[in-house]
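K.L.:
Mind looking over this structure? Questions follow.
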Amino acid sequence: MSLLSGVIRRSAPKLLKTFNIRPVTNGVPNLNKKEIEVTFVKHDGTRIKTKGKVGESFLDVVVNNDLSLEGYGACEGTLTCSTCHLVFKKEDFEQLPDRPEGEESDMLELARGVTDTSRLGCQVFLTENMDGIVVEVPESSNDARLQ
Amino acid sequence: MANRLETAQIDIIERLPVPFGLVRFGVAPDHANLKRCVNTFSKTAQLKNVRFMGNITLGKDVTLKQLKEAYHVVLLTYGVDDSRKLDLKGSNLKNIFQAKDFVGWYNGVPWNKDLPVDLSDTTASIFGHGNVAIDIARLLLSPIDKLKSTDITEHSLATFAQSRIKQVHLIGRRGPLQVSFTTKELRELLNLPNCCPIWRPEDMQNVPEIVPKLVKPRKRLTELMVDKFQNRQTPKLDDKQLAMIFHRSPKEFTGSEKVESIKLQINRLEGDDLLDKKAVPTQQDETIATSLVVASIGYKSVQADGDIPFNSQLGVVENQYGKVGKGLYTAGWVAKGASGVLLHTMEHAFGVASVILKDLELEGLGQEKPGFDFVRKVLDERNVQVVTWEDWLKIDEFERNEGKKLNKPREKVVDIEQMLKIAAT
């Protein structure tokens, strides 16, 4: 049994930072690999522009750059949680070297708002031709009424 | 919330001396990858304005009224603690268990450690077509070497090592289109080495034809069943067997002391919604032999404190989008019922957090509150030993060290007194 209780010491809450949960990286070290630019768009429209090395997964990029995405990648890239769901643009999705299959599809289908161009961020790896890519991070609540 | 409300002090109050609830006590021992999420949770627990306070029971050591006096916001996330029970003729025979207790036995829930599980005979029957039922079936059918290196409790491992279970019946009251398990879990079960799934053709009748009409994820799940059914094989001599049984509900258990057989009532399905048909009993029944029964037919929560508005029929705290009343909220299974994977519970928690933040912005806080100082006074009067995060780390280290000796990631302490002793060192 657990319950979470909060006591707020000031008269009004101050919304300062966003969630900041950091899973451990699961990629291989890429010391000399080329860096490319990646942009994550959160469901509220916030854009996070960052850099990642070729060969890293999108989950690695989030972890290594300490990006504030709520609960992203809770199982640390082991294909068990689907919290690293990303939506790609159609043209980018078609350029990806593979399609989701097997366990990735099993997991992906549980994610909310899954689309035809959805992937798990832990299964897609950066390539040079992705420089400047923009990916969407879907809303992380399964009940729209809560938003 | 800790990150968005930097000036707030957030205290996580837990009944047991150890954190992580269902990840420690629910997730199967051989699903180590899913347990990695404790790293994410640990980071949250170690944020500057978050504290873990274990070994405090709501409704016993501290009341909801006292918590509301101490804090501006109280969030109930105490999960589910009760299960739907089989109340049938013969259900008090030996070796019939609730899934909750059986899972607690192999996962180290302190009050389930002495469950008298007997695996010395060959057949087991599991009622329920959800992921918990699958976990139990998988553990019963897995090679023992796969379990040895997990964090499964040593006392249950000894029983599994001696197991003579050869056939597991996985029994659901409805059909293949109404099952509750998820694709990944079913795939894992159907692909176990040296284990042959057995299907009854009459259960799968018309199912292949319906697949094209289904949508994801039901479509993929059903495709998997159809594929495994169509490519089914005859079991080899030393194969274990997994019998997939549909349209059956338990009616009566028989046996002299221990359960020996079950009378199953045969159901037919009624209703217009293909995926949510009702099971209606027919006059026919069927009897199968079994030496173990585990019922995994749903969980519900309990009213931990008399002041919690509670729906005992559904077994959930009464709430609207997570809000129970002014300053009182609820999230997770205690709020929405026991279903969904980790992702869904996490999403629900984020949703409720945003409701709380919105309310705080609109309503403000009013007067100052004393926080844990007030709770501490209440606990001191009752002589309760509070287990902090640092104390838990001592238990964690102890468990890891004990595990090392056995080539396991950890050997869980299953005795609350012992946990408290380690915490106090």
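Every chain in the structure tokens takes a letter, A first, then B, and so on in the order presented; its residues are numbered from 1, and the ligands are numbered from 1 following the presented order.
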With only C-alpha atoms as the counted atoms, please give the residues lying no more than 8 Å from Asp106 (chain A), apart from itself and same-chain residues fewer than 2 positions off, as a list in words.

P.N.:
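Listing them by chain and then by number gives Glu101, Gly102, Glu103, Glu104, Leu108, Glu109 and Leu110 of chain A; Thr182, Thr183, Lys184, Pro217 and Arg220 of chain B.
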
K.L.:
From a DSSP calculation on the backbone, collect every residue of region 18-145 of chain A in helix (DSSP H, G or I) and output the set as a PyMOL selection string.

P.N.:
chain A and resi 58-64+90-95+102-108+121-123+128-130+144-145

K.L.:
Taking the backbone alone, and naming residues the way the document does, which bits of region 282-424 of chain B are strand (DSSP E) by DSSP, as an MDAnalysis selection string?

P.N.:
chainID B and resid 282:289 292:295 299:300 310:311 316:317 323:325 328:330

K.L.:
Compile a residue-level contact table for chain B against chain A at a cut-off of 6 Å, reporting for every qualifying residue the shortest atom pair and its distance in Å to one decimal, with only C-alpha atoms counted, rows ordered by chain and ascending number, as a Markdown table.

P.N.:
```
| residue | atom | partner | partner_atom | distance |
| --- | --- | --- | --- | --- |
| B:Asn3 | CA | A:Phe19 | CA | 5.5 |
| B:Arg4 | CA | A:Leu15 | CA | 5.0 |
| B:Leu5 | CA | A:Leu15 | CA | 5.9 |
| B:Ala8 | CA | A:Ile8 | CA | 4.2 |
| B:Gln9 | CA | A:Val7 | CA | 5.2 |
| B:Ile10 | CA | A:Gly6 | CA | 4.2 |
| B:Asp11 | CA | A:Ser5 | CA | 5.2 |
| B:Ile12 | CA | A:Leu4 | CA | 4.4 |
| B:Ile13 | CA | A:Leu3 | CA | 5.1 |
| B:Glu14 | CA | A:Ser2 | CA | 3.9 |
| B:Arg15 | CA | A:Met1 | CA | 4.9 |
| B:Leu34 | CA | A:Cys75 | CA | 5.5 |
| B:Arg36 | CA | A:Cys75 | CA | 5.2 |
| B:Cys37 | CA | A:Ala74 | CA | 4.8 |
| B:Thr40 | CA | A:Pro23 | CA | 6.0 |
| B:Tyr71 | CA | A:Val7 | CA | 4.7 |
| B:His72 | CA | A:Val7 | CA | 5.2 |
| B:Val73 | CA | A:Gly6 | CA | 5.3 |
| B:Val74 | CA | A:Ser5 | CA | 4.5 |
| B:Leu75 | CA | A:Leu4 | CA | 5.0 |
| B:Leu76 | CA | A:Leu3 | CA | 4.7 |
| B:Thr77 | CA | A:Leu3 | CA | 4.9 |
| B:Tyr78 | CA | A:Met1 | CA | 4.1 |
| B:Thr183 | CA | A:Asp106 | CA | 5.7 |
| B:Lys184 | CA | A:Asp106 | CA | 5.4 |
| B:Pro217 | CA | A:Glu109 | CA | 5.4 |
| B:Tyr321 | CA | A:Leu146 | CA | 5.9 |
| B:Leu343 | CA | A:Cys81 | CA | 6.0 |
| B:Glu347 | CA | A:Ser141 | CA | 4.3 |
| B:His348 | CA | A:Ser141 | CA | 5.8 |
| B:Gly351 | CA | A:Leu146 | CA | 5.2 |
| B:Gly364 | CA | A:Ala12 | CA | 5.7 |
| B:Leu365 | CA | A:Ser11 | CA | 5.8 |
| B:Gly371 | CA | A:Val7 | CA | 5.7 |
```

K.L.:
Keeping only C-alpha atoms, take the residues you just selected and write them out as a PDB file, in the first residue's frame.

P.N.:
```
ATOM      1  CA  ASN B   3       9.584  18.717 -10.652  1.00  0.00           C
ATOM      2  CA  ARG B   4       6.686  20.975 -11.433  1.00  0.00           C
ATOM      3  CA  LEU B   5       6.128  22.048  -7.836  1.00  0.00           C
ATOM      4  CA  ALA B   8       6.327  21.342  -2.443  1.00  0.00           C
ATOM      5  CA  GLN B   9       7.424  18.614  -0.059  1.00  0.00           C
ATOM      6  CA  ILE B  10       6.131  15.276  -1.301  1.00  0.00           C
ATOM      7  CA  ASP B  11       6.078  12.281   1.024  1.00  0.00           C
ATOM      8  CA  ILE B  12       5.458   8.762  -0.255  1.00  0.00           C
ATOM      9  CA  ILE B  13       3.847   6.773   2.548  1.00  0.00           C
ATOM     10  CA  GLU B  14       4.030   2.991   2.142  1.00  0.00           C
ATOM     11  CA  ARG B  15       2.565   0.161   4.188  1.00  0.00           C
ATOM     12  CA  LEU B  34      10.264  -4.842 -16.828  1.00  0.00           C
ATOM     13  CA  ARG B  36      14.230  -2.055 -14.674  1.00  0.00           C
ATOM     14  CA  CYS B  37      11.594   0.637 -14.244  1.00  0.00           C
ATOM     15  CA  THR B  40      13.284   5.354 -12.971  1.00  0.00           C
ATOM     16  CA  TYR B  71      -1.032  17.811   4.007  1.00  0.00           C
ATOM     17  CA  HIS B  72      -2.653  20.073   1.423  1.00  0.00           C
ATOM     18  CA  VAL B  73      -2.997  17.173  -0.988  1.00  0.00           C
ATOM     19  CA  VAL B  74      -3.426  13.468  -0.258  1.00  0.00           C
ATOM     20  CA  LEU B  75      -3.203  11.023  -3.176  1.00  0.00           C
ATOM     21  CA  LEU B  76      -4.336   7.437  -2.647  1.00  0.00           C
ATOM     22  CA  THR B  77      -2.372   4.961  -4.785  1.00  0.00           C
ATOM     23  CA  TYR B  78      -2.520   1.863  -2.633  1.00  0.00           C
ATOM     24  CA  THR B 183       0.018 -10.401 -27.307  1.00  0.00           C
ATOM     25  CA  LYS B 184       3.566 -10.384 -26.004  1.00  0.00           C
ATOM     26  CA  PRO B 217      -4.362  -4.835 -30.892  1.00  0.00           C
ATOM     27  CA  TYR B 321     -10.911  11.643 -13.263  1.00  0.00           C
ATOM     28  CA  LEU B 343       2.320   1.869 -19.331  1.00  0.00           C
ATOM     29  CA  GLU B 347      -0.226   7.280 -18.053  1.00  0.00           C
ATOM     30  CA  HIS B 348      -3.077   7.371 -15.565  1.00  0.00           C
ATOM     31  CA  GLY B 351      -3.104  12.351 -15.957  1.00  0.00           C
ATOM     32  CA  GLY B 364      -4.750  27.946  -4.158  1.00  0.00           C
ATOM     33  CA  LEU B 365      -3.690  26.441  -0.866  1.00  0.00           C
ATOM     34  CA  GLY B 371       3.313  17.993   6.852  1.00  0.00           C
TER      35      GLY B 371
END
```

K.L.:
Mind checking which residues fall within 12 Å of Ile96 (chain B), counting only C-alpha atoms, ignoring those fewer than 5 positions away in the same chain, and posting them as a PyMOL selection string?

P.N.:
chain B and resi 85-88+90-91+101-102+115-119+124-127+252-255+257-262+290-296

K.L.:
Using only C-alpha atoms, which of the listed residues (B:Ser249, B:Gln162, B:Asn206, B:Asn319) sits closest to Lys336 (chain B)?

P.N.:
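Selected residue with least distance to Lys336 (chain B): B:Asn319.
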
K.L.:
Could you name the residues that touch Ser83 (chain B) at 9 Å or less, counting only C-alpha atoms, but leaving out those on the same chain fewer than 4 positions away, as a PDB file with all heavy atoms, in the first residue's frame?

P.N.:
```pdb
ATOM      1  N   GLN B  98      -6.002 -18.496  -4.497  1.00  0.00           N
ATOM      2  CA  GLN B  98      -6.219 -17.268  -5.242  1.00  0.00           C
ATOM      3  C   GLN B  98      -4.890 -16.900  -5.906  1.00  0.00           C
ATOM      4  O   GLN B  98      -3.835 -17.038  -5.282  1.00  0.00           O
ATOM      5  CB  GLN B  98      -6.596 -16.109  -4.309  1.00  0.00           C
ATOM      6  CG  GLN B  98      -7.728 -16.381  -3.357  1.00  0.00           C
ATOM      7  CD  GLN B  98      -9.027 -16.589  -4.102  1.00  0.00           C
ATOM      8  OE1 GLN B  98      -9.228 -16.011  -5.178  1.00  0.00           O
ATOM      9  NE2 GLN B  98      -9.892 -17.393  -3.541  1.00  0.00           N
ATOM     10  N   ALA B  99      -4.955 -16.380  -7.142  1.00  0.00           N
ATOM     11  CA  ALA B  99      -3.728 -16.000  -7.847  1.00  0.00           C
ATOM     12  C   ALA B  99      -2.904 -15.010  -7.018  1.00  0.00           C
ATOM     13  O   ALA B  99      -1.683 -15.108  -6.942  1.00  0.00           O
ATOM     14  CB  ALA B  99      -4.076 -15.375  -9.193  1.00  0.00           C
ATOM     15  N   LYS B 100      -3.593 -14.086  -6.364  1.00  0.00           N
ATOM     16  CA  LYS B 100      -2.918 -13.075  -5.545  1.00  0.00           C
ATOM     17  C   LYS B 100      -1.990 -13.728  -4.512  1.00  0.00           C
ATOM     18  O   LYS B 100      -0.847 -13.300  -4.331  1.00  0.00           O
ATOM     19  CB  LYS B 100      -3.999 -12.254  -4.849  1.00  0.00           C
ATOM     20  CG  LYS B 100      -3.538 -11.288  -3.807  1.00  0.00           C
ATOM     21  CD  LYS B 100      -4.743 -10.517  -3.251  1.00  0.00           C
ATOM     22  CE  LYS B 100      -5.532 -11.311  -2.216  1.00  0.00           C
ATOM     23  NZ  LYS B 100      -4.858 -11.406  -0.928  1.00  0.00           N
ATOM     24  N   SER B 296      -7.464 -16.891 -11.108  1.00  0.00           N
ATOM     25  CA  SER B 296      -6.983 -15.545 -11.425  1.00  0.00           C
ATOM     26  C   SER B 296      -8.100 -14.816 -12.145  1.00  0.00           C
ATOM     27  O   SER B 296      -8.038 -14.544 -13.328  1.00  0.00           O
ATOM     28  CB  SER B 296      -5.748 -15.669 -12.323  1.00  0.00           C
ATOM     29  OG  SER B 296      -5.283 -14.395 -12.658  1.00  0.00           O
ATOM     30  N   ILE B 297      -9.173 -14.546 -11.397  1.00  0.00           N
ATOM     31  CA  ILE B 297     -10.391 -14.049 -12.038  1.00  0.00           C
ATOM     32  C   ILE B 297     -10.690 -12.617 -11.642  1.00  0.00           C
ATOM     33  O   ILE B 297     -11.828 -12.191 -11.602  1.00  0.00           O
ATOM     34  CB  ILE B 297     -11.587 -14.975 -11.720  1.00  0.00           C
ATOM     35  CG1 ILE B 297     -11.689 -15.192 -10.203  1.00  0.00           C
ATOM     36  CG2 ILE B 297     -11.438 -16.301 -12.444  1.00  0.00           C
ATOM     37  CD1 ILE B 297     -12.936 -15.954  -9.775  1.00  0.00           C
ATOM     38  N   GLY B 298      -9.664 -11.862 -11.353  1.00  0.00           N
ATOM     39  CA  GLY B 298      -9.867 -10.432 -11.118  1.00  0.00           C
ATOM     40  C   GLY B 298      -9.516 -10.015  -9.708  1.00  0.00           C
ATOM     41  O   GLY B 298      -9.673 -10.763  -8.757  1.00  0.00           O
ATOM     42  N   TYR B 299      -9.015  -8.793  -9.628  1.00  0.00           N
ATOM     43  CA  TYR B 299      -8.633  -8.220  -8.346  1.00  0.00           C
ATOM     44  C   TYR B 299      -9.567  -7.066  -8.015  1.00  0.00           C
ATOM     45  O   TYR B 299     -10.168  -6.471  -8.894  1.00  0.00           O
ATOM     46  CB  TYR B 299      -7.216  -7.640  -8.428  1.00  0.00           C
ATOM     47  CG  TYR B 299      -6.111  -8.661  -8.465  1.00  0.00           C
ATOM     48  CD1 TYR B 299      -5.866  -9.409  -9.601  1.00  0.00           C
ATOM     49  CD2 TYR B 299      -5.290  -8.845  -7.359  1.00  0.00           C
ATOM     50  CE1 TYR B 299      -4.832 -10.321  -9.646  1.00  0.00           C
ATOM     51  CE2 TYR B 299      -4.254  -9.754  -7.391  1.00  0.00           C
ATOM     52  CZ  TYR B 299      -4.023 -10.491  -8.535  1.00  0.00           C
ATOM     53  OH  TYR B 299      -2.998 -11.391  -8.571  1.00  0.00           O
ATOM     54  N   LYS B 300      -9.689  -6.770  -6.740  1.00  0.00           N
ATOM     55  CA  LYS B 300     -10.341  -5.515  -6.378  1.00  0.00           C
ATOM     56  C   LYS B 300      -9.624  -4.899  -5.197  1.00  0.00           C
ATOM     57  O   LYS B 300      -8.804  -5.548  -4.546  1.00  0.00           O
ATOM     58  CB  LYS B 300     -11.820  -5.721  -6.102  1.00  0.00           C
ATOM     59  CG  LYS B 300     -12.136  -6.828  -5.132  1.00  0.00           C
ATOM     60  CD  LYS B 300     -13.639  -7.020  -5.045  1.00  0.00           C
ATOM     61  CE  LYS B 300     -13.952  -8.062  -3.996  1.00  0.00           C
ATOM     62  NZ  LYS B 300     -15.366  -8.134  -3.692  1.00  0.00           N
ATOM     63  N   SER B 301      -9.945  -3.648  -4.929  1.00  0.00           N
ATOM     64  CA  SER B 301      -9.246  -2.973  -3.843  1.00  0.00           C
ATOM     65  C   SER B 301     -10.075  -3.003  -2.569  1.00  0.00           C
ATOM     66  O   SER B 301     -11.181  -3.528  -2.545  1.00  0.00           O
ATOM     67  CB  SER B 301      -8.918  -1.537  -4.240  1.00  0.00           C
ATOM     68  OG  SER B 301      -7.993  -1.012  -3.302  1.00  0.00           O
TER      69      SER B 301
END
```

K.L.:
Excluding region 117-125 of chain A and any residue of its chain fewer than 6 positions from it, enumerate the residues within 7 Å of it, using only C-alpha atoms, and give them as number ranges by chain.

P.N.:
A: 55-59, 77, 82, 84-90, 93, 100, 104, 108

K.L.:
Pull C-alpha atoms from the residues just selected and write them as a PDB file, in the first residue's frame.

P.N.:
```
ATOM      1  CA  GLY A  55      24.083   4.688 -34.438  1.00  0.00           C
ATOM      2  CA  GLU A  56      22.332   5.798 -31.256  1.00  0.00           C
ATOM      3  CA  SER A  57      18.675   4.995 -30.730  1.00  0.00           C
ATOM      4  CA  PHE A  58      16.126   7.763 -30.214  1.00  0.00           C
ATOM      5  CA  LEU A  59      15.898   6.566 -26.599  1.00  0.00           C
ATOM      6  CA  GLY A  77      15.095  -0.122 -24.027  1.00  0.00           C
ATOM      7  CA  SER A  82       6.203   0.999 -24.811  1.00  0.00           C
ATOM      8  CA  CYS A  84       9.198   5.431 -25.727  1.00  0.00           C
ATOM      9  CA  HIS A  85       6.486   5.625 -28.406  1.00  0.00           C
ATOM     10  CA  LEU A  86       7.270   8.096 -31.226  1.00  0.00           C
ATOM     11  CA  VAL A  87       5.317   9.156 -34.284  1.00  0.00           C
ATOM     12  CA  PHE A  88       7.342   9.761 -37.429  1.00  0.00           C
ATOM     13  CA  LYS A  89       6.409  11.819 -40.448  1.00  0.00           C
ATOM     14  CA  LYS A  90       5.246   9.582 -43.262  1.00  0.00           C
ATOM     15  CA  PHE A  93       8.953   6.517 -41.647  1.00  0.00           C
ATOM     16  CA  PRO A 100       8.147  -2.617 -36.640  1.00  0.00           C
ATOM     17  CA  GLU A 104       8.068  -4.243 -31.073  1.00  0.00           C
ATOM     18  CA  LEU A 108       3.600  -0.722 -29.759  1.00  0.00           C
TER      19      LEU A 108
END
```

K.L.:
What is the CA of Tyr106 (chain B)-CA of Ser163 (chain B) distance in Å, reported with one decimal?

P.N.:
13.7 Å

K.L.:
Could you work out how far CA of Ile165 (chain B) lies from CA of Ser120 (chain B), giving the answer in Å with one decimal?

P.N.:
7.1 Å

K.L.:
Which of these, B:Ile266, B:Ala137, B:Ala158, B:Ala331, has the shortest distance to Ala243 (chain B) once you count only C-alpha atoms?

P.N.:
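Between B:Ile266, B:Ala137, B:Ala158, B:Ala331, the residue approaching Ala243 (chain B) most closely is B:Ala137.
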
K.L.:
Residues near region 400-406 of chain B, anyone? I mean within 12 Å using only C-alpha atoms, not counting same-chain ones fewer than 3 positions away, as a PDB file with C-alpha atoms, in the first residue's frame.

P.N.:
```pdb
ATOM      1  CA  LYS B 148      17.014 -20.351 -10.807  1.00  0.00           C
ATOM      2  CA  SER B 149      18.746 -17.156 -11.842  1.00  0.00           C
ATOM      3  CA  THR B 150      15.770 -14.858 -11.194  1.00  0.00           C
ATOM      4  CA  ASP B 151      14.781 -13.091  -7.977  1.00  0.00           C
ATOM      5  CA  ILE B 152      12.160 -15.775  -7.251  1.00  0.00           C
ATOM      6  CA  THR B 153      11.965 -16.554  -3.525  1.00  0.00           C
ATOM      7  CA  GLU B 154      14.156 -19.461  -2.440  1.00  0.00           C
ATOM      8  CA  LEU B 157      12.045 -22.226  -5.978  1.00  0.00           C
ATOM      9  CA  LEU B 393      18.925   0.988   0.608  1.00  0.00           C
ATOM     10  CA  LYS B 394      20.291  -1.124   3.501  1.00  0.00           C
ATOM     11  CA  ILE B 395      17.586  -3.750   2.893  1.00  0.00           C
ATOM     12  CA  ASP B 396      18.287  -3.529  -0.846  1.00  0.00           C
ATOM     13  CA  GLU B 397      22.004  -4.126  -0.287  1.00  0.00           C
ATOM     14  CA  PRO B 409      19.992 -10.718  -8.681  1.00  0.00           C
ATOM     15  CA  ARG B 410      18.514 -10.624  -5.173  1.00  0.00           C
ATOM     16  CA  GLU B 411      17.017 -12.824  -2.511  1.00  0.00           C
ATOM     17  CA  LYS B 412      14.058 -10.938  -1.085  1.00  0.00           C
ATOM     18  CA  VAL B 413      13.606 -10.644   2.649  1.00  0.00           C
TER      19      VAL B 413
END
```

K.L.:
Neighbours of Thr50 (chain A) within 8 Å (only C-alpha atoms; same-chain residues fewer than 3 positions away dropped), as a list in words?

P.N.:
Glu37, Val38, Thr39 and Asn65 of chain A

K.L.:
Considering only C-alpha atoms, state which residue in the set A:Asp116, A:Asp92, A:Asp44, A:Asp60 is at the smallest distance from Lys216 (chain B).

P.N.:
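Using only C-alpha atoms, the shortest distance to Lys216 (chain B) belongs to A:Asp116.
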